[in-house]
>>> print(open('data36.cif').read())   # mmCIF, C-alpha atoms
data_final
#
loop_
_atom_site.group_PDB
_atom_site.id
_atom_site.type_symbol
_atom_site.label_atom_id
_atom_site.label_comp_id
_atom_site.auth_asym_id
_atom_site.auth_seq_id
_atom_site.Cartn_x
_atom_site.Cartn_y
_atom_site.Cartn_z
ATOM 1 C CA MET A 149 -3.006 36.833 1.954
ATOM 2 C CA THR A 150 -3.164 40.533 1.105
ATOM 3 C CA ASN A 151 0.530 41.335 0.767
ATOM 4 C CA LYS A 152 2.698 39.416 -1.629
ATOM 5 C CA LEU A 153 5.788 37.823 -0.164
ATOM 6 C CA THR A 154 9.208 39.003 -1.302
ATOM 7 C CA LEU A 155 12.715 37.597 -1.220
ATOM 8 C CA ASP A 156 13.116 39.108 2.238
ATOM 9 C CA ASP A 157 10.491 36.625 3.465
ATOM 10 C CA PHE A 158 12.650 33.721 2.281
ATOM 11 C CA PRO A 159 16.205 34.258 3.562
ATOM 12 C CA ILE A 160 17.319 30.971 1.990
ATOM 13 C CA LEU A 161 16.771 32.472 -1.475
ATOM 14 C CA ASN A 162 19.340 35.130 -0.697
ATOM 15 C CA ARG A 163 22.181 32.641 -0.192
ATOM 16 C CA ILE A 164 24.014 33.842 -3.280
ATOM 17 C CA SER A 165 26.762 31.199 -3.290
ATOM 18 C CA SER A 166 24.501 28.152 -2.993
ATOM 19 C CA VAL A 167 21.103 29.219 -4.368
ATOM 20 C CA LYS A 168 20.668 30.032 -8.052
ATOM 21 C CA TYR A 169 17.635 31.017 -10.070
ATOM 22 C CA ARG A 170 17.094 32.403 -13.530
ATOM 23 C CA ASP A 171 14.112 34.689 -12.918
ATOM 24 C CA LYS A 172 13.333 36.160 -9.505
ATOM 25 C CA ASP A 173 9.896 37.358 -10.580
ATOM 26 C CA VAL A 174 8.841 33.898 -11.792
ATOM 27 C CA VAL A 175 10.054 32.316 -8.548
ATOM 28 C CA LEU A 176 8.112 34.756 -6.387
ATOM 29 C CA ARG A 177 4.992 34.567 -8.556
ATOM 30 C CA LYS A 178 4.831 30.777 -8.302
ATOM 31 C CA ILE A 179 5.513 30.771 -4.551
ATOM 32 C CA ASN A 180 2.863 33.423 -3.897
ATOM 33 C CA ASN A 181 0.294 31.609 -6.049
ATOM 34 C CA ILE A 182 0.924 28.269 -4.315
ATOM 35 C CA ILE A 183 0.629 29.828 -0.863
ATOM 36 C CA ARG A 184 -2.491 31.802 -1.840
ATOM 37 C CA ASP A 185 -4.310 28.721 -3.191
ATOM 38 C CA GLY A 186 -3.671 26.694 -0.043
ATOM 39 C CA PRO A 187 -3.288 22.971 0.668
ATOM 40 C CA GLU A 188 -6.397 21.803 -1.223
ATOM 41 C CA LYS A 189 -4.827 22.612 -4.595
ATOM 42 C CA LEU A 190 -1.327 21.339 -3.815
ATOM 43 C CA GLN A 191 0.541 18.114 -4.447
ATOM 44 C CA VAL A 192 4.230 17.317 -3.985
ATOM 45 C CA VAL A 193 6.131 15.298 -6.581
ATOM 46 C CA THR A 194 9.609 14.188 -5.629
ATOM 47 C CA ASP A 195 12.431 11.973 -6.733
ATOM 48 C CA PHE A 196 13.864 9.591 -4.118
ATOM 49 C CA ASP A 197 17.557 8.801 -4.575
ATOM 50 C CA LEU A 198 19.664 11.889 -3.806
ATOM 51 C CA THR A 199 16.516 14.012 -3.378
ATOM 52 C CA LEU A 200 14.717 12.635 -0.348
ATOM 53 C CA THR A 201 18.037 11.065 0.599
ATOM 54 C CA LYS A 202 21.153 13.165 1.036
ATOM 55 C CA GLN A 203 23.503 13.390 -1.917
ATOM 56 C CA HIS A 204 26.478 12.863 0.340
ATOM 57 C CA VAL A 205 27.386 12.606 4.002
ATOM 58 C CA ASP A 206 30.634 14.406 4.845
ATOM 59 C CA GLY A 207 31.704 14.110 1.225
ATOM 60 C CA LYS A 208 30.969 10.392 0.915
ATOM 61 C CA ALA A 209 28.322 9.594 -1.685
ATOM 62 C CA HIS A 210 25.055 8.172 -0.365
ATOM 63 C CA LEU A 211 24.148 4.734 -1.697
ATOM 64 C CA SER A 212 21.309 4.527 -4.201
ATOM 65 C CA SER A 213 18.361 2.213 -3.583
ATOM 66 C CA PHE A 214 19.906 -0.298 -5.999
ATOM 67 C CA GLY A 215 23.239 0.085 -4.205
ATOM 68 C CA ILE A 216 21.554 -0.665 -0.892
ATOM 69 C CA PHE A 217 19.808 -3.680 -2.421
ATOM 70 C CA ALA A 218 23.227 -4.970 -3.521
ATOM 71 C CA LYS A 219 24.200 -5.179 0.165
ATOM 72 C CA CYS A 220 21.718 -8.049 0.678
ATOM 73 C CA LYS A 221 23.644 -11.152 1.717
ATOM 74 C CA GLN A 222 21.294 -13.443 -0.179
ATOM 75 C CA LEU A 223 22.429 -12.008 -3.494
ATOM 76 C CA PRO A 224 25.322 -13.679 -5.300
ATOM 77 C CA PRO A 225 28.615 -11.753 -5.549
ATOM 78 C CA GLN A 226 27.979 -11.256 -9.262
ATOM 79 C CA TYR A 227 25.050 -8.958 -8.523
ATOM 80 C CA ALA A 228 27.102 -6.493 -6.448
ATOM 81 C CA GLU A 229 29.847 -6.621 -9.093
ATOM 82 C CA MET A 230 27.297 -5.810 -11.793
ATOM 83 C CA ASP A 231 25.836 -2.960 -9.746
ATOM 84 C CA THR A 232 29.259 -1.397 -9.190
ATOM 85 C CA ARG A 233 30.290 -1.881 -12.794
ATOM 86 C CA THR A 234 27.132 -0.465 -14.357
ATOM 87 C CA HIS A 235 26.928 2.459 -11.923
ATOM 88 C CA LYS A 236 30.497 3.379 -12.827
ATOM 89 C CA LYS A 237 29.637 3.242 -16.534
ATOM 90 C CA TYR A 238 26.150 4.747 -16.706
ATOM 91 C CA ARG A 239 25.953 7.260 -13.872
ATOM 92 C CA PRO A 240 28.524 9.578 -15.554
ATOM 93 C CA ILE A 241 26.422 9.418 -18.733
ATOM 94 C CA GLU A 242 23.311 10.425 -16.769
ATOM 95 C CA THR A 243 25.042 13.463 -15.253
ATOM 96 C CA ASP A 244 27.201 14.561 -18.220
ATOM 97 C CA PRO A 245 25.900 17.962 -19.399
ATOM 98 C CA HIS A 246 27.370 17.412 -22.878
ATOM 99 C CA ILE A 247 25.384 14.252 -23.708
ATOM 100 C CA SER A 248 21.968 14.653 -25.360
ATOM 101 C CA ILE A 249 18.766 13.529 -23.650
ATOM 102 C CA LYS A 250 18.210 11.053 -26.498
ATOM 103 C CA ASP A 251 21.567 9.385 -25.912
ATOM 104 C CA LYS A 252 21.119 9.494 -22.138
ATOM 105 C CA THR A 253 17.715 7.839 -22.451
ATOM 106 C CA ALA A 254 19.153 5.032 -24.570
ATOM 107 C CA ALA A 255 21.901 4.505 -21.973
ATOM 108 C CA MET A 256 19.406 4.436 -19.089
ATOM 109 C CA GLU A 257 17.264 1.860 -20.907
ATOM 110 C CA GLU A 258 20.343 -0.285 -21.456
ATOM 111 C CA TRP A 259 21.255 0.047 -17.761
ATOM 112 C CA MET A 260 17.808 -1.099 -16.683
ATOM 113 C CA GLU A 261 17.858 -4.063 -19.082
ATOM 114 C CA ILE A 262 21.163 -5.251 -17.636
ATOM 115 C CA SER A 263 19.921 -4.777 -14.075
ATOM 116 C CA GLU A 264 16.770 -6.763 -14.759
ATOM 117 C CA GLU A 265 18.652 -9.698 -16.259
ATOM 118 C CA PHE A 266 20.603 -10.027 -13.011
ATOM 119 C CA LEU A 267 17.324 -10.233 -11.079
ATOM 120 C CA LYS A 268 16.195 -13.541 -12.455
ATOM 121 C CA GLY A 269 16.451 -17.133 -11.353
ATOM 122 C CA TYR A 270 17.365 -17.181 -7.670
ATOM 123 C CA GLU A 271 15.410 -17.244 -4.450
ATOM 124 C CA PHE A 272 15.120 -14.119 -2.355
ATOM 125 C CA ASP A 273 13.481 -13.516 1.025
ATOM 126 C CA SER A 274 12.217 -9.910 1.021
ATOM 127 C CA SER A 275 12.487 -9.617 4.809
ATOM 128 C CA GLU A 276 16.188 -8.799 4.378
ATOM 129 C CA LEU A 277 15.213 -5.506 2.771
ATOM 130 C CA GLU A 278 14.185 -4.170 6.173
ATOM 131 C CA GLN A 279 17.636 -5.025 7.540
ATOM 132 C CA VAL A 280 19.613 -3.284 4.792
ATOM 133 C CA ALA A 281 17.255 -0.290 4.939
ATOM 134 C CA GLU A 282 17.945 0.062 8.655
ATOM 135 C CA LYS A 283 21.702 -0.212 8.175
ATOM 136 C CA TYR A 284 22.265 1.794 4.991
ATOM 137 C CA GLY A 285 19.137 3.877 4.372
ATOM 138 C CA THR A 286 19.081 6.264 7.302
ATOM 139 C CA ASP A 287 20.324 9.459 5.663
ATOM 140 C CA LEU A 288 17.254 11.348 4.538
ATOM 141 C CA ARG A 289 17.711 15.068 4.006
ATOM 142 C CA GLU A 290 17.601 17.119 7.169
ATOM 143 C CA GLY A 291 14.023 18.179 7.825
ATOM 144 C CA THR A 292 12.420 15.409 5.725
ATOM 145 C CA LYS A 293 10.569 13.808 8.644
ATOM 146 C CA ASN A 294 9.035 17.134 9.721
ATOM 147 C CA LEU A 295 8.118 18.001 6.132
ATOM 148 C CA MET A 296 6.443 14.650 5.450
ATOM 149 C CA ASP A 297 4.562 14.658 8.757
ATOM 150 C CA LYS A 298 3.132 18.112 8.079
ATOM 151 C CA LEU A 299 2.173 17.206 4.508
ATOM 152 C CA ASN A 300 0.365 14.134 5.799
ATOM 153 C CA SER A 301 -1.486 16.144 8.465
ATOM 154 C CA ALA A 302 -2.636 18.566 5.753
ATOM 155 C CA LYS A 303 -3.681 15.654 3.480
ATOM 156 C CA ILE A 304 -1.405 16.855 0.679
ATOM 157 C CA PRO A 305 -0.506 13.959 -1.662
ATOM 158 C CA VAL A 306 3.180 13.101 -2.047
ATOM 159 C CA LEU A 307 4.182 11.127 -5.131
ATOM 160 C CA VAL A 308 7.636 9.595 -4.828
ATOM 161 C CA PHE A 309 9.001 8.728 -8.263
ATOM 162 C CA SER A 310 12.099 6.585 -8.354
ATOM 163 C CA ALA A 311 14.140 5.082 -11.155
ATOM 164 C CA GLY A 312 15.644 2.934 -8.408
ATOM 165 C CA LEU A 313 14.222 -0.105 -6.653
ATOM 166 C CA GLY A 314 10.793 0.544 -5.178
ATOM 167 C CA ASP A 315 11.016 -2.277 -2.634
ATOM 168 C CA VAL A 316 14.050 -0.592 -1.062
ATOM 169 C CA VAL A 317 12.504 2.889 -1.315
ATOM 170 C CA GLU A 318 9.470 1.571 0.560
ATOM 171 C CA ALA A 319 11.626 -0.102 3.222
ATOM 172 C CA ILE A 320 13.684 3.054 3.776
ATOM 173 C CA LEU A 321 10.627 5.301 4.058
ATOM 174 C CA ARG A 322 9.054 2.827 6.463
ATOM 175 C CA HIS A 323 12.240 2.646 8.554
ATOM 176 C CA ASN A 324 12.297 6.454 8.800
ATOM 177 C CA ASN A 325 8.579 6.604 9.697
ATOM 178 C CA VAL A 326 7.641 8.605 6.606
ATOM 179 C CA LEU A 327 5.723 5.948 4.647
ATOM 180 C CA LEU A 328 2.500 7.746 5.517
ATOM 181 C CA ASP A 329 -1.069 7.588 4.242
ATOM 182 C CA ASN A 330 -0.517 10.402 1.740
ATOM 183 C CA VAL A 331 2.621 8.865 0.188
ATOM 184 C CA GLU A 332 2.575 6.851 -3.021
ATOM 185 C CA ILE A 333 5.672 5.259 -4.588
ATOM 186 C CA ILE A 334 6.011 4.895 -8.354
ATOM 187 C CA SER A 335 9.102 2.841 -9.074
ATOM 188 C CA ASN A 336 10.576 -0.476 -10.201
ATOM 189 C CA PHE A 337 9.304 -3.254 -7.942
ATOM 190 C CA LEU A 338 10.635 -6.776 -7.785
ATOM 191 C CA ASN A 339 8.649 -9.476 -9.533
ATOM 192 C CA TYR A 340 8.553 -12.999 -8.122
ATOM 193 C CA SER A 341 7.750 -16.388 -9.524
ATOM 194 C CA GLY A 342 6.959 -18.177 -6.287
ATOM 195 C CA LYS A 343 9.975 -17.402 -4.094
ATOM 196 C CA THR A 344 12.254 -16.801 -7.078
ATOM 197 C CA LEU A 345 13.091 -13.363 -8.437
ATOM 198 C CA ASP A 346 11.926 -12.726 -11.988
ATOM 199 C CA GLY A 347 12.939 -9.172 -12.897
ATOM 200 C CA PHE A 348 10.668 -6.142 -12.460
ATOM 201 C CA LYS A 349 6.916 -5.709 -12.469
ATOM 202 C CA GLY A 350 5.525 -3.857 -15.468
ATOM 203 C CA LYS A 351 7.245 -1.088 -17.376
ATOM 204 C CA LYS A 352 10.785 -0.277 -16.304
ATOM 205 C CA ILE A 353 11.154 3.256 -14.979
ATOM 206 C CA HIS A 354 14.353 5.239 -15.492
ATOM 207 C CA VAL A 355 15.269 8.838 -14.816
ATOM 208 C CA PHE A 356 14.101 10.099 -18.207
ATOM 209 C CA ASN A 357 10.679 8.425 -18.382
ATOM 210 C CA LYS A 358 9.395 8.677 -14.813
ATOM 211 C CA ASN A 359 6.364 10.931 -14.725
ATOM 212 C CA GLU A 360 2.655 10.963 -13.972
ATOM 213 C CA THR A 361 1.797 9.559 -17.416
ATOM 214 C CA VAL A 362 2.596 6.109 -15.950
ATOM 215 C CA LEU A 363 -0.147 6.498 -13.336
ATOM 216 C CA GLU A 364 -3.465 4.734 -13.675
ATOM 217 C CA LYS A 365 -6.513 6.818 -14.559
ATOM 218 C CA GLU A 366 -7.929 6.573 -11.038
ATOM 219 C CA HIS A 367 -4.716 8.095 -9.636
ATOM 220 C CA LEU A 368 -4.878 10.971 -12.091
ATOM 221 C CA LYS A 369 -8.550 11.484 -11.222
ATOM 222 C CA ARG A 370 -7.648 11.955 -7.560
ATOM 223 C CA LEU A 371 -5.023 14.537 -8.472
ATOM 224 C CA GLU A 372 -6.854 16.461 -11.182
ATOM 225 C CA ASN A 373 -7.913 19.308 -8.874
ATOM 226 C CA ARG A 374 -4.442 19.717 -7.425
ATOM 227 C CA LYS A 375 -3.141 22.134 -10.021
ATOM 228 C CA ASN A 376 -0.231 23.433 -7.952
ATOM 229 C CA ILE A 377 2.853 21.253 -7.712
ATOM 230 C CA ILE A 378 6.074 21.504 -5.762
ATOM 231 C CA LEU A 379 8.515 19.289 -7.631
ATOM 232 C CA MET A 380 11.914 18.223 -6.273
ATOM 233 C CA GLY A 381 14.717 16.371 -8.032
ATOM 234 C CA ASP A 382 18.455 16.056 -8.477
ATOM 235 C CA SER A 383 18.562 15.460 -12.249
ATOM 236 C CA VAL A 384 17.346 17.524 -15.201
ATOM 237 C CA GLY A 385 15.267 14.463 -16.151
ATOM 238 C CA ASP A 386 13.318 14.834 -12.904
ATOM 239 C CA THR A 387 11.639 18.003 -14.154
ATOM 240 C CA THR A 388 9.264 15.960 -16.334
ATOM 241 C CA MET A 389 7.826 13.991 -13.385
ATOM 242 C CA CYS A 390 4.586 15.991 -13.396
ATOM 243 C CA ASN A 391 3.983 15.460 -17.109
ATOM 244 C CA GLY A 392 0.551 13.885 -17.413
ATOM 245 C CA ILE A 393 -1.374 16.301 -15.206
ATOM 246 C CA LYS A 394 -3.464 18.515 -17.482
ATOM 247 C CA ASP A 395 -4.076 22.236 -17.046
ATOM 248 C CA VAL A 396 -1.537 22.725 -14.264
ATOM 249 C CA ASP A 397 -1.563 26.209 -12.740
ATOM 250 C CA ASN A 398 1.840 26.381 -11.048
ATOM 251 C CA VAL A 399 4.781 23.972 -10.996
ATOM 252 C CA PHE A 400 7.558 25.146 -8.707
ATOM 253 C CA LYS A 401 10.649 23.087 -9.499
ATOM 254 C CA ILE A 402 13.453 22.733 -6.945
ATOM 255 C CA GLY A 403 16.707 21.173 -8.156
ATOM 256 C CA PHE A 404 19.411 19.761 -5.881
ATOM 257 C CA LEU A 405 22.793 19.962 -7.600
ATOM 258 C CA TYR A 406 25.847 18.255 -6.192
ATOM 259 C CA HIS A 407 28.918 16.512 -7.546
ATOM 260 C CA GLU A 408 32.213 15.807 -5.868
ATOM 261 C CA ASN A 409 33.850 17.439 -8.910
ATOM 262 C CA ASN A 410 33.191 21.194 -8.742
ATOM 263 C CA GLU A 411 33.976 21.536 -12.436
ATOM 264 C CA ILE A 412 31.034 19.287 -13.292
ATOM 265 C CA VAL A 413 28.801 21.369 -11.007
ATOM 266 C CA GLU A 414 29.828 24.517 -12.857
ATOM 267 C CA LYS A 415 29.244 22.915 -16.259
ATOM 268 C CA SER A 416 25.878 21.494 -15.189
ATOM 269 C CA LEU A 417 24.547 24.660 -13.559
ATOM 270 C CA LYS A 418 23.205 26.278 -16.731
ATOM 271 C CA ASP A 419 21.295 23.125 -17.715
ATOM 272 C CA TYR A 420 19.793 22.936 -14.220
ATOM 273 C CA MET A 421 18.843 26.617 -14.235
ATOM 274 C CA ASP A 422 17.174 26.172 -17.635
ATOM 275 C CA VAL A 423 14.685 23.629 -16.241
ATOM 276 C CA PHE A 424 14.468 24.225 -12.466
ATOM 277 C CA ASP A 425 13.046 27.402 -10.919
ATOM 278 C CA VAL A 426 15.582 27.248 -8.087
ATOM 279 C CA VAL A 427 18.826 25.281 -7.973
ATOM 280 C CA LEU A 428 20.339 24.462 -4.581
ATOM 281 C CA ILE A 429 24.056 23.691 -4.707
ATOM 282 C CA ASP A 430 25.247 21.175 -2.120
ATOM 283 C CA ASP A 431 22.230 21.724 0.105
ATOM 284 C CA GLN A 432 21.410 18.552 2.064
ATOM 285 C CA THR A 433 18.263 19.930 3.730
ATOM 286 C CA MET A 434 14.566 20.501 3.111
ATOM 287 C CA ASP A 435 14.858 24.121 4.211
ATOM 288 C CA LEU A 436 13.524 25.657 0.992
ATOM 289 C CA PRO A 437 10.382 23.523 0.535
ATOM 290 C CA TRP A 438 9.626 23.878 4.242
ATOM 291 C CA SER A 439 10.006 27.664 4.094
ATOM 292 C CA ILE A 440 7.167 27.633 1.548
ATOM 293 C CA LEU A 441 4.981 24.919 3.018
ATOM 294 C CA LYS A 442 5.009 26.274 6.571
ATOM 295 C CA ARG A 443 3.042 29.252 5.250
ATOM 296 C CA ILE A 444 0.343 26.920 3.920
ATOM 297 C CA ILE A 445 -0.028 24.093 6.441
#
>>> encode(input="data36.cif", output="structure tokens")
Amino acid sequence: MTNKLTLDDFPILNRISSVKYRDKDVVLRKINNIIRDGPEKLQVVTDFDLTLTKQHVDGKAHLSSFGIFAKCKQLPPQYAEMDTRTHKKYRPIETDPHISIKDKTAAMEEWMEISEEFLKGYEFDSSELEQVAEKYGTDLREGTKNLMDKLNSAKIPVLVFSAGLGDVVEAILRHNNVLLDNVEIISNFLNYSGKTLDGFKGKKIHVFNKNETVLEKEHLKRLENRKNIILMGDSVGDTTMCNGIKDVDNVFKIGFLYHENNEIVEKSLKDYMDVFDVVLIDDQTMDLPWSILKRII
């Protein structure tokens, strides 16, 4: 590539009302470097809930992976009640721009502890996950299937980090035909004792501790030469997902910001712009990452 690309080459970046960025020069430098270095140096790191999935459909909030799990008929009514109750309590804490990361982290840990306690002591047939994924997990962002197919063809690794339930994330990706060879899910997976649920496997992952430091050494070894990262998330906590990769050259961070309350969007925007390179307001597509990747793959 002899000529550097400009904003004119990316019309989406000129959507003044819905696309925000702090430093135009930094944005263009990272994009040009990623495109110049090609697919061999690239990896994609993305959140799942409200990032690969839409944040809303016609104004109605999209269910989280835990929310979809709560639709399983095998689960007792108390589980769905707990899920609704804790989401109502802790989700506003996660998104409140006035609460410190320290306090948010403590709240997320408490949320996960409560969720795990409700996942113990009753039988569960995992085949139902495919049914709820088919019924409730169909709303991936527009353009996700094309994006994931092209990334797979180019052998670019995609790490899907989720503070949600990995079993449901896996079922939804499989249902949408995007659980491909290049995709790896790092999340909270159900643990079983025989046929009985027994909480989560390993360390519990929440929005403020999910990053590549939780990966095994062999995973990091495979990624060590991929020094360019396109990172996507819907929470300021998502920007740390690539922590753990040493000597990174370029991390281009795309933030999806949406809330049904426009006042919260306005209050959150500065925090998002402080940590993301580009913030997309109420954008339910993969238009921006595709506009970059189509020049590479």
>>> residues_around(input="data36.cif", residues="Leu223 (chain A)", least_positions_apart="6", cutoff="9 Å", atoms="only C-alpha atoms", output="mmCIF file with C-alpha atoms, in the frame of the given file")
data_model
loop_
_atom_site.group_PDB
_atom_site.id
_atom_site.type_symbol
_atom_site.label_atom_id
_atom_site.label_comp_id
_atom_site.auth_asym_id
_atom_site.auth_seq_id
_atom_site.Cartn_x
_atom_site.Cartn_y
_atom_site.Cartn_z
ATOM 1 C CA PHE A 217 19.808 -3.680 -2.421
ATOM 2 C CA TYR A 270 17.365 -17.181 -7.670
ATOM 3 C CA GLU A 271 15.410 -17.244 -4.450
ATOM 4 C CA PHE A 272 15.120 -14.119 -2.355
#
>>> resolve_selection(input="data36.cif", expression="the PyMOL selection byres ((chain A and resi 199-216) around 6)", output="MDAnalysis selection string")
chainID A and resid 195:198 217:219 287:289 312:313 316 381:382 432
>>> residues_around(input="data36.cif", residues="region 149-164 of chain A", least_positions_apart="3", cutoff="9 Å", atoms="all atoms listed in the file", output="PyMOL selection string")
chain A and resi 167-169+172+176-177+179-180+183-184+426+435-436+439-440
>>> atom_distance(input="data36.cif", atom1="CA of Ser248 (chain A)", atom2="CA of Thr388 (chain A)")
15.6 Å
>>> atom_distance(input="data36.cif", atom1="CA of Leu321 (chain A)", atom2="CA of Glu276 (chain A)")
15.2 Å
>>> closest_residue(input="data36.cif", among="A:Asp273, A:Glu257, A:Glu242, A:Asp386", to="Ser310 (chain A)", atoms="only C-alpha atoms")
A:Asp386
>>> resolve_selection(input="data36.cif", expression="the PyMOL selection byres ((chain A and resi 341) around 10)", output="PDB file with C-alpha atoms, in the frame of the given file")
ATOM      1  CA  LYS A 268      16.195 -13.541 -12.455  1.00  0.00           C
ATOM      2  CA  GLY A 269      16.451 -17.133 -11.353  1.00  0.00           C
ATOM      3  CA  TYR A 270      17.365 -17.181  -7.670  1.00  0.00           C
ATOM      4  CA  GLU A 271      15.410 -17.244  -4.450  1.00  0.00           C
ATOM      5  CA  ASN A 339       8.649  -9.476  -9.533  1.00  0.00           C
ATOM      6  CA  TYR A 340       8.553 -12.999  -8.122  1.00  0.00           C
ATOM      7  CA  GLY A 342       6.959 -18.177  -6.287  1.00  0.00           C
ATOM      8  CA  LYS A 343       9.975 -17.402  -4.094  1.00  0.00           C
ATOM      9  CA  THR A 344      12.254 -16.801  -7.078  1.00  0.00           C
ATOM     10  CA  LEU A 345      13.091 -13.363  -8.437  1.00  0.00           C
ATOM     11  CA  ASP A 346      11.926 -12.726 -11.988  1.00  0.00           C
ATOM     12  CA  GLY A 347      12.939  -9.172 -12.897  1.00  0.00           C
TER      13      GLY A 347
END
>>> resolve_selection(input="data36.cif", expression="the PyMOL selection byres ((chain A and resi 395-409) around 9)", output="VMD selection string")
chain A and resid 175 178 to 179 181 to 182 198 to 199 203 to 204 207 to 209 372 374 to 384 386 to 387 390 393 to 394 410 to 413 416 to 417 420 to 421 423 to 432 436 to 437
>>> closest_residue(input="data36.cif", among="A:Val192, A:Met230, A:Leu277, A:Leu338", to="Ile262 (chain A)", atoms="all atoms listed in the file")
A:Met230
>>> atom_distance(input="data36.cif", atom1="CA of Leu267 (chain A)", atom2="CA of Phe348 (chain A)")
7.9 Å
>>> residues_around(input="data36.cif", residues="Leu328 (chain A)", least_positions_apart="2", cutoff="8 Å", atoms="all atoms listed in the file", output="number ranges by chain")
A: 296-297, 300, 325-326, 330-331
>>> residues_around(input="data36.cif", residues="Met260 (chain A)", least_positions_apart="2", cutoff="10 Å", atoms="all atoms listed in the file", output="PDB file with C-alpha atoms, in the frame of the given file")
ATOM      1  CA  THR A 234      27.132  -0.465 -14.357  1.00  0.00           C
ATOM      2  CA  ALA A 255      21.901   4.505 -21.973  1.00  0.00           C
ATOM      3  CA  MET A 256      19.406   4.436 -19.089  1.00  0.00           C
ATOM      4  CA  GLU A 257      17.264   1.860 -20.907  1.00  0.00           C
ATOM      5  CA  GLU A 258      20.343  -0.285 -21.456  1.00  0.00           C
ATOM      6  CA  ILE A 262      21.163  -5.251 -17.636  1.00  0.00           C
ATOM      7  CA  SER A 263      19.921  -4.777 -14.075  1.00  0.00           C
ATOM      8  CA  GLU A 264      16.770  -6.763 -14.759  1.00  0.00           C
ATOM      9  CA  GLU A 265      18.652  -9.698 -16.259  1.00  0.00           C
ATOM     10  CA  ALA A 311      14.140   5.082 -11.155  1.00  0.00           C
ATOM     11  CA  GLY A 312      15.644   2.934  -8.408  1.00  0.00           C
ATOM     12  CA  ASN A 336      10.576  -0.476 -10.201  1.00  0.00           C
ATOM     13  CA  PHE A 348      10.668  -6.142 -12.460  1.00  0.00           C
ATOM     14  CA  LYS A 352      10.785  -0.277 -16.304  1.00  0.00           C
ATOM     15  CA  ILE A 353      11.154   3.256 -14.979  1.00  0.00           C
ATOM     16  CA  HIS A 354      14.353   5.239 -15.492  1.00  0.00           C
TER      17      HIS A 354
END
>>> axis_aligned_box(input="data36.cif", around="region 415-424 of chain A", padding_each_side="6 Å", output="AutoDock Vina command-line options")
--center_x 21.9 --center_y 24.1 --center_z -15.1 --size_x 26.8 --size_y 17.1 --size_z 17.2
>>> closest_residue(input="data36.cif", among="A:Glu290, A:Glu278, A:Glu261, A:Asp231", to="Ala319 (chain A)", atoms="all atoms listed in the file")
A:Glu278
>>> closest_residue(input="data36.cif", among="A:His323, A:Lys358, A:His246, A:Arg370", to="Gly385 (chain A)", atoms="all atoms listed in the file")
A:Lys358
>>> decode(input="data36.cif", residues="region 286-297 of chain A", atoms="C-alpha atoms", output="short mmCIF file (atom, residue, chain, number, x, y, z; two decimals), in the first residue's frame")
data_model
loop_
_atom_site.label_atom_id
_atom_site.label_comp_id
_atom_site.auth_asym_id
_atom_site.auth_seq_id
_atom_site.Cartn_x
_atom_site.Cartn_y
_atom_site.Cartn_z
CA THR A 286 -30.71 -15.40 16.46
CA ASP A 287 -29.95 -11.68 16.56
CA LEU A 288 -26.28 -11.31 15.76
CA ARG A 289 -25.20 -7.92 14.47
CA GLU A 290 -25.88 -7.35 10.80
CA GLY A 291 -22.87 -8.49 8.81
CA THR A 292 -21.49 -10.83 11.50
CA LYS A 293 -21.80 -13.98 9.40
CA ASN A 294 -19.94 -12.42 6.46
CA LEU A 295 -17.26 -11.01 8.76
CA MET A 296 -16.65 -14.31 10.56
CA ASP A 297 -16.60 -16.32 7.32
#
